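Report on the following structure.
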Amino acid sequence: MLSVQNISKRYRHTESLRGISLEIPERSITGIIGPNGAGKSTLLRIIAGFENSDTGKVLHRGTPLSSFSQKKVLFSYMPEQLDIYPEYRVADFVDFIHKSTGHIDDDLLSVLHLPTVSDKRIGQLSKGYRQRLKLFFALCNRKQVVILDEPFDGFDPIQLIEIRDLLKKENEQGRDFIISIHQLHDAEKICSYYVLLDEGQVVAEGDMSALRRRFGNDSASLEELFIRALR
Amino acid sequence: MTPYVTLVVKELADIFSSRTALLMAIIISFVFGYSFYSAVSLYANASTAAVDNPLYAAGFEPVPGVFVPTFGGLFIIFSFFLPFLFIPLISTERRNNTLTILMQLPYSLGGILTVKTLAAAAYLLFIFLLSLPSLVLWKLWGGHIPAVELLLVVGEYFCYGLLIIAISLFASALFTSTASASILAIAIVIASWLIDFGREMNIAPLLVSLSEWSVTKNLKSFEEGLLAIRTVMYLISLTSAFFAAAYFLLRFDLKNRWQPLTVVLVVSLIAVIGVSRIDLSYDLSESNRNSFPPKIVQYLQKIPSLDIDIYLERTDSRFKDYEKSFLKKLLMVKPDTRVVMASGEALKQNYGRFVYRIDDKADTTYSNSDEEIFQVIFKLSGISHEESMTEKEYPGYPLVTSVSQQNSIIYLYFALLPLLIAGVFTITRMSKRGKLR
């Protein structure tokens with residue numbers, strides 16, 4: 001289990017996170033949901049180790065992860081704003097990752113349809129393919145917890161189904177996912193656990209049944225629960 | 001292939017396949033060509049009268065005469081162009097967030113910065129390769145190349161290039177915008193020039209004392225054939241300080257960056273003050289132009305202490321000549337010599353005088369020629385002065401080159417080399433074509 005305890009973060013005049021504590025179950029696909037500016041990306045960066053919190057800590061199975069090197073072993077992180085070397089050809093980038101890590105996942109490449117664009121420069125790819133390449137990087141290193149910041153942006157409906165299936169399959173094989181997500185409809189289809197954030201605070205967390213119990217509506221959709229939570 | 005070799009290959013490819021690198025290499029070819037052509041023409045014209053006159057020929061030294069001006073163009077190129085090549089190495093990675101990719105691979109931040117620095121240093125070496133044809137031509141024409149002295153000049157620009165790399169990394173660690181980082185890097189370089197300007201113009205005493213730390217002034221000693229350990233250590237301290245500051249600025253996992261940055265600043269200041277006390281120089285010029293003849297050195301070392309009062313403005317050309325031809329050489333032999341620059345009313349009343357004191361005896365001269373100064377000093381110390389003591393035995397290497405030989409420089413550096421560079425660049429970029437299974 002991954003625990004976040006009393007995380008706060010302040011940027012000059014803005015308090016981005018206000019003492020957030022949450023428990024993320026193992027073998028889950030956890031959706032971090034919230035309006036713009038809720039602190040989703042900041043929280044993910046802090047969990048992944050790419051930003052420091054002012055207070056609080058992140059623990060994995062009770063062990064505090066205090067250094068970046070500890071987090072690096074455990075987490076794979078895909079930031080939302082990631083512009084992978086636009087001058088590189090896809091094959092060159094994959095080759096660099098392959099040679100750096102010492103292994104390559106051909107099946108993953110095929111599932112993401114990357115061989116079809118292998119000799120194209122990354123800067124010339126469509127947004128969907130650039131997202132696929134980012135996902136390839138996040139998934140290829142076989143780390144236990146995969147943290148994805150807005151991974152579904154830029155996919156058409158068919159691609160979205162493929163990617164959802166891919167993440168579910170990876171999750172069934174034992175990997176944990178923490179995903180920041182805007183689209184509530186998609187979140188409901190893929191996530192098994194939800195953390196609802198607003199103004200830097202957790203307003204609700206749990207699986208669908210727990211959220212429904214909390215807001216007293218057994219048949220409510222995630223969208224309805226989200227709106228109630230924010231009121 | 002180990003992961004770090006992969007990273008080195010990536011960084012080398014990133015630098016050498018960039019359009020900025022291509023453009024800069026072509027510009028450097030033009031600058032080298034123009035500077036070498038001008039220097040060779042002047043040297044050849046002046047040499048005409050010297051080839052049959054050994055006394056006149058002794059003044060012809062290939063390094064200060066030809067190679068210092070040839071490499072001189074690099075100073076502007078390094079100062080104003082290199083930051084635009086090196087800053088994107090970090091700022092682009094930060095702006096595009098690809099630094100997060102590298103950090104998740106088996107690379108540490110220190111390792112990434114080291115590899116990027118090595119790749120940038122490799123580009124510097126490539127720049128120096130562009131000077132090789134000029135050396136080959138010079139040798140083919142029968143010219144003389146003093147290897148050690150020339151290496152000192154190359155070393156000067158390599159050290160300066162490394163400093164520019166460090167400043168560029170520092171600037172790109174502060175700003176993700178390439179434009180802002182470039183402006184900062186260039187501003188740091190210009191600040192050093194302003195100190196030089198302040199010293200030359202004698203604007204303020206503070207600027208005059210600061211000028212001891214001017215990078216340009218310190219680098220000049222290399223061009224003069226002087227390997228000053230103080231200068232080398234100073235450049236190492238300065239370069240290391242910028243690298244260390246860049247490293248701590250980029251450490252996103254530090255809660256408080258100011259602490260390590262303060263430590264870097266304090267350690268650098270201590271290092272800089274420490275190296276200023278090192279008075280160890282080696283005259284590596286082939287003609288020993290930075291040293292007095294050996295006999296003079298022996299006699300000067302016998303003098304217990306020497307004080308000099310100088311009644312000249314620092315900006316006065318006589319003082320500059322005196323400083324270059326006598327004072328620097330004297331301080332190499334007798335670093336404990338006390339030199340006082342007069343000021344105020346005393347300066348006005350005694351303007352132009354040099355007063356030498358040994359123990360309780362003093363003598364005055366208006367001359368800044370070695371011969372006359374030695375007569376004064378040796379008379380004060382009671383040592384008999386022989387005429388032969390100031391003779392030097394450097395033959396000099398005048399070289400007359402024909403117009404067609406000089407024109408070959410133009411063809412080489414303005415056409416052949418740029419075409420070759422562009423060709424290699426195009427092939428390199430075309431060959432980066434991969435396929436996935």
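Chain labels run A, B, ... following the order of the structure tokens; each chain numbers its residues from 1, and ligands are numbered from 1 in the order shown.
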Can you check which parts of chain A lie within 6 Å of chain B? Per residue, the shortest pair of atoms and distance in Å to one decimal, counting only C-alpha atoms, sorted by chain and number, as a tab-separated table.
residue	atom	partner	partner_atom	distance
A:Glu51	CA	B:Phe252	CA	5.9
A:Asn52	CA	B:Asp253	CA	5.8
A:Leu82	CA	B:Asn97	CA	5.1
A:Asp83	CA	B:Asn96	CA	4.7
A:Ala91	CA	B:Gly434	CA	5.1
A:Ser100	CA	B:Pro3	CA	4.5
A:Pro115	CA	B:Leu436	CA	5.2
A:Ser118	CA	B:Lys435	CA	5.4
A:Asp119	CA	B:Gly434	CA	5.6
Please produce a file of those selected residues containing all heavy atoms, as a PDB file, in the first residue's frame.
ATOM      1  N   GLU A  51       9.263  16.660  -7.171  1.00  0.00           N
ATOM      2  CA  GLU A  51       9.049  17.918  -6.467  1.00  0.00           C
ATOM      3  C   GLU A  51       9.038  17.625  -4.977  1.00  0.00           C
ATOM      4  O   GLU A  51       8.660  16.525  -4.562  1.00  0.00           O
ATOM      5  CB  GLU A  51       7.715  18.542  -6.903  1.00  0.00           C
ATOM      6  CG  GLU A  51       7.524  19.907  -6.363  1.00  0.00           C
ATOM      7  CD  GLU A  51       6.802  20.827  -7.329  1.00  0.00           C
ATOM      8  OE1 GLU A  51       6.545  20.431  -8.475  1.00  0.00           O
ATOM      9  OE2 GLU A  51       6.493  21.941  -6.916  1.00  0.00           O
ATOM     10  N   ASN A  52       9.463  18.603  -4.200  1.00  0.00           N
ATOM     11  CA  ASN A  52       9.469  18.438  -2.753  1.00  0.00           C
ATOM     12  C   ASN A  52       8.207  19.002  -2.149  1.00  0.00           C
ATOM     13  O   ASN A  52       7.725  20.034  -2.587  1.00  0.00           O
ATOM     14  CB  ASN A  52      10.652  19.198  -2.170  1.00  0.00           C
ATOM     15  CG  ASN A  52      11.802  18.274  -1.923  1.00  0.00           C
ATOM     16  OD1 ASN A  52      11.635  17.253  -1.257  1.00  0.00           O
ATOM     17  ND2 ASN A  52      12.937  18.600  -2.464  1.00  0.00           N
ATOM     18  N   LEU A  82       5.017  16.783 -21.482  1.00  0.00           N
ATOM     19  CA  LEU A  82       6.257  16.078 -21.850  1.00  0.00           C
ATOM     20  C   LEU A  82       6.375  16.106 -23.366  1.00  0.00           C
ATOM     21  O   LEU A  82       5.528  15.567 -24.074  1.00  0.00           O
ATOM     22  CB  LEU A  82       6.216  14.627 -21.340  1.00  0.00           C
ATOM     23  CG  LEU A  82       7.361  13.710 -21.772  1.00  0.00           C
ATOM     24  CD1 LEU A  82       8.696  14.222 -21.267  1.00  0.00           C
ATOM     25  CD2 LEU A  82       7.144  12.293 -21.242  1.00  0.00           C
ATOM     26  N   ASP A  83       7.391  16.772 -23.828  1.00  0.00           N
ATOM     27  CA  ASP A  83       7.599  16.903 -25.265  1.00  0.00           C
ATOM     28  C   ASP A  83       8.861  16.116 -25.608  1.00  0.00           C
ATOM     29  O   ASP A  83       9.969  16.650 -25.585  1.00  0.00           O
ATOM     30  CB  ASP A  83       7.764  18.398 -25.600  1.00  0.00           C
ATOM     31  CG  ASP A  83       7.609  18.669 -27.072  1.00  0.00           C
ATOM     32  OD1 ASP A  83       7.329  17.718 -27.814  1.00  0.00           O
ATOM     33  OD2 ASP A  83       7.780  19.834 -27.476  1.00  0.00           O
ATOM     34  N   ALA A  91      12.185   5.414 -33.713  1.00  0.00           N
ATOM     35  CA  ALA A  91      13.083   4.270 -33.535  1.00  0.00           C
ATOM     36  C   ALA A  91      14.329   4.657 -32.736  1.00  0.00           C
ATOM     37  O   ALA A  91      14.824   3.864 -31.930  1.00  0.00           O
ATOM     38  CB  ALA A  91      13.489   3.713 -34.886  1.00  0.00           C
ATOM     39  N   SER A 100      19.627   2.109 -22.773  1.00  0.00           N
ATOM     40  CA  SER A 100      19.809   2.642 -21.419  1.00  0.00           C
ATOM     41  C   SER A 100      19.346   1.647 -20.362  1.00  0.00           C
ATOM     42  O   SER A 100      19.975   1.509 -19.311  1.00  0.00           O
ATOM     43  CB  SER A 100      19.032   3.946 -21.234  1.00  0.00           C
ATOM     44  OG  SER A 100      19.549   4.934 -22.085  1.00  0.00           O
ATOM     45  N   PRO A 115       5.638   0.558 -34.168  1.00  0.00           N
ATOM     46  CA  PRO A 115       6.458   0.209 -35.343  1.00  0.00           C
ATOM     47  C   PRO A 115       5.971   0.857 -36.643  1.00  0.00           C
ATOM     48  O   PRO A 115       6.757   1.099 -37.553  1.00  0.00           O
ATOM     49  CB  PRO A 115       6.350  -1.318 -35.408  1.00  0.00           C
ATOM     50  CG  PRO A 115       6.148  -1.727 -33.985  1.00  0.00           C
ATOM     51  CD  PRO A 115       5.267  -0.656 -33.411  1.00  0.00           C
ATOM     52  N   SER A 118       7.881   4.170 -36.950  1.00  0.00           N
ATOM     53  CA  SER A 118       9.242   4.111 -36.395  1.00  0.00           C
ATOM     54  C   SER A 118      10.217   5.091 -37.038  1.00  0.00           C
ATOM     55  O   SER A 118      11.110   5.603 -36.372  1.00  0.00           O
ATOM     56  CB  SER A 118       9.795   2.702 -36.487  1.00  0.00           C
ATOM     57  OG  SER A 118       9.926   2.334 -37.840  1.00  0.00           O
ATOM     58  N   ASP A 119      10.070   5.363 -38.351  1.00  0.00           N
ATOM     59  CA  ASP A 119      11.053   6.261 -38.972  1.00  0.00           C
ATOM     60  C   ASP A 119      10.574   7.710 -39.047  1.00  0.00           C
ATOM     61  O   ASP A 119      11.184   8.543 -39.698  1.00  0.00           O
ATOM     62  CB  ASP A 119      11.487   5.736 -40.345  1.00  0.00           C
ATOM     63  CG  ASP A 119      10.330   5.660 -41.302  1.00  0.00           C
ATOM     64  OD1 ASP A 119       9.181   5.787 -40.826  1.00  0.00           O
ATOM     65  OD2 ASP A 119      10.549   5.469 -42.504  1.00  0.00           O
TER      66      ASP A 119
END
For this session: Please provide as a ChimeraX atom specification all residues within 7 Å of range 269-277 of chain B, with the sequence filter that same-chain residues fewer than 6 positions apart are discarded (counting only C-alpha atoms).
Result: /B:230,233-234,237
For this session: Run DSSP on the backbone and give me the residues of range 153-380 of chain B it puts in strand (DSSP E), as a list in words.
Result: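 These are the residues in question: Leu226, Leu227, Ala228, Ser281, Tyr282, Asp283, Asp307, Ile308, Asp309, Ile310, Arg338, Val339, Val340, Met341, Phe354, Val355, Tyr356, Arg357, Ile358, Lys361, Ala362, Asp363, Thr364 and Thr365 of chain B.
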Exercise. What is the CA of Pro205 in chain B to CA of Asn218 in chain B distance in Å?
Worked result: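 So the two atoms, CA of Pro205 in chain B and CA of Asn218 in chain B, lie 18.6 Å apart.
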For this session: Please report, as a ChimeraX atom specification, each residue of range 124-308 of chain B to which DSSP assigns alpha helix (DSSP H) when run on this structure's backbone.
Result: /B:124-129,132-140,147-174,178-200,205-210,215-223,229-250,258-275,294-302
Problem set entry | For range 70-82 of chain B: contacts at 8 Å, only C-alpha atoms, fewer than 6 positions along chain excluded, given as a PyMOL selection string | chain B and resi 24+28+31-33+35-36+39+153-154+157+160-161+164-165+186+189
Please produce a file of those selected residues containing C-alpha atoms, as a compact mmCIF listing (two decimals), in the first residue's frame.
# COMPACT_ATOMS: atom_id res chain seq x y z
CA MET B 24 28.90 27.80 -35.74
CA ILE B 28 34.48 29.50 -37.11
CA VAL B 31 36.90 33.45 -38.75
CA PHE B 32 39.92 31.14 -38.67
CA GLY B 33 40.48 31.67 -42.36
CA SER B 35 42.41 35.72 -39.09
CA PHE B 36 45.06 33.34 -40.44
CA ALA B 39 48.22 37.33 -39.84
CA VAL B 153 47.37 29.23 -26.70
CA VAL B 154 45.08 26.27 -27.50
CA TYR B 157 40.87 28.87 -25.44
CA TYR B 160 37.83 29.65 -21.73
CA GLY B 161 35.50 27.30 -23.62
CA ILE B 164 31.64 29.24 -21.08
CA ILE B 165 30.15 25.71 -20.86
CA ILE B 186 26.52 36.79 -22.17
CA VAL B 189 31.03 37.52 -19.95
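Put simply, CA of Leu235 in chain B is 28.1 Å away from CA of Leu23 in chain B.
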Problem set entry | Polymer residues at most 9 Å from Thr42 in chain A, only C-alpha atoms, same-chain spacing of 2 or more positions, as number ranges by chain | A: 9, 16-17, 38-40, 44-47, 51
Output of the above residues as an mmCIF file, in the first residue's frame, restricted to N, CA and C atoms:
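Below is the file that was written, selection.cif:
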data_model
loop_
_atom_site.group_PDB
_atom_site.id
_atom_site.type_symbol
_atom_site.label_atom_id
_atom_site.label_comp_id
_atom_site.auth_asym_id
_atom_site.auth_seq_id
_atom_site.Cartn_x
_atom_site.Cartn_y
_atom_site.Cartn_z
ATOM 1 N N LYS A 9 1.949 21.839 0.056
ATOM 2 C CA LYS A 9 2.865 22.514 -0.868
ATOM 3 C C LYS A 9 2.348 23.918 -1.134
ATOM 4 N N SER A 16 -1.036 25.095 -2.900
ATOM 5 C CA SER A 16 -1.462 24.102 -3.881
ATOM 6 C C SER A 16 -2.009 22.847 -3.208
ATOM 7 N N LEU A 17 -1.350 22.376 -2.171
ATOM 8 C CA LEU A 17 -1.826 21.191 -1.447
ATOM 9 C C LEU A 17 -1.888 21.537 0.045
ATOM 10 N N ALA A 38 -6.743 21.980 -8.854
ATOM 11 C CA ALA A 38 -7.041 21.278 -7.596
ATOM 12 C C ALA A 38 -5.777 20.769 -6.912
ATOM 13 N N GLY A 39 -4.688 20.651 -7.693
ATOM 14 C CA GLY A 39 -3.414 20.173 -7.129
ATOM 15 C C GLY A 39 -3.061 18.759 -7.559
ATOM 16 N N LYS A 40 -3.748 18.255 -8.603
ATOM 17 C CA LYS A 40 -3.529 16.865 -9.053
ATOM 18 C C LYS A 40 -2.082 16.646 -9.510
ATOM 19 N N LEU A 44 1.016 14.381 -7.898
ATOM 20 C CA LEU A 44 1.697 13.294 -8.617
ATOM 21 C C LEU A 44 3.209 13.537 -8.675
ATOM 22 N N ARG A 45 3.603 14.799 -8.914
ATOM 23 C CA ARG A 45 5.045 15.107 -8.970
ATOM 24 C C ARG A 45 5.705 14.831 -7.627
ATOM 25 N N ILE A 46 4.990 15.164 -6.543
ATOM 26 C CA ILE A 46 5.566 14.936 -5.205
ATOM 27 C C ILE A 46 5.681 13.432 -4.934
ATOM 28 N N ILE A 47 4.629 12.684 -5.282
ATOM 29 C CA ILE A 47 4.690 11.224 -5.070
ATOM 30 C C ILE A 47 5.859 10.642 -5.872
ATOM 31 N N GLU A 51 9.263 16.660 -7.171
ATOM 32 C CA GLU A 51 9.049 17.918 -6.467
ATOM 33 C C GLU A 51 9.038 17.625 -4.977
#
For this session: Using CA of Val202 in chain A and CA of Arg18 in chain A as the two end points, give the distance in Å to one decimal.
Result: 8.8 Å
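Among A:Ala204, A:Leu59, A:Ile104, A:Leu125, the residue with the shortest atom-to-atom distance to Tyr88 in chain A, counting only C-alpha atoms, is A:Leu125.
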Exercise. Which of these residues is nearest to Ala25 in chain B, using only C-alpha atoms: B:Leu129, B:Val63, B:Ala57, B:Leu169?
Worked result: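 Result for the nearest residue to Ala25 in chain B: B:Leu129.
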For this session: Would you kindly return, as a PyMOL selection string, each protein, DNA or RNA residue with an atom no farther than 8 Å from any atom of Leu196 in chain A, considering only C-alpha atoms and excluding same-chain residues fewer than 3 positions away?
Result: chain A and resi 32-34+202-205+226+229
Exercise. Which residue, B:Ser402, B:Leu85, B:Ile410, B:Val68, has the smallest gap to Thr48 in chain B when you use only C-alpha atoms?
Worked result: B:Ser402
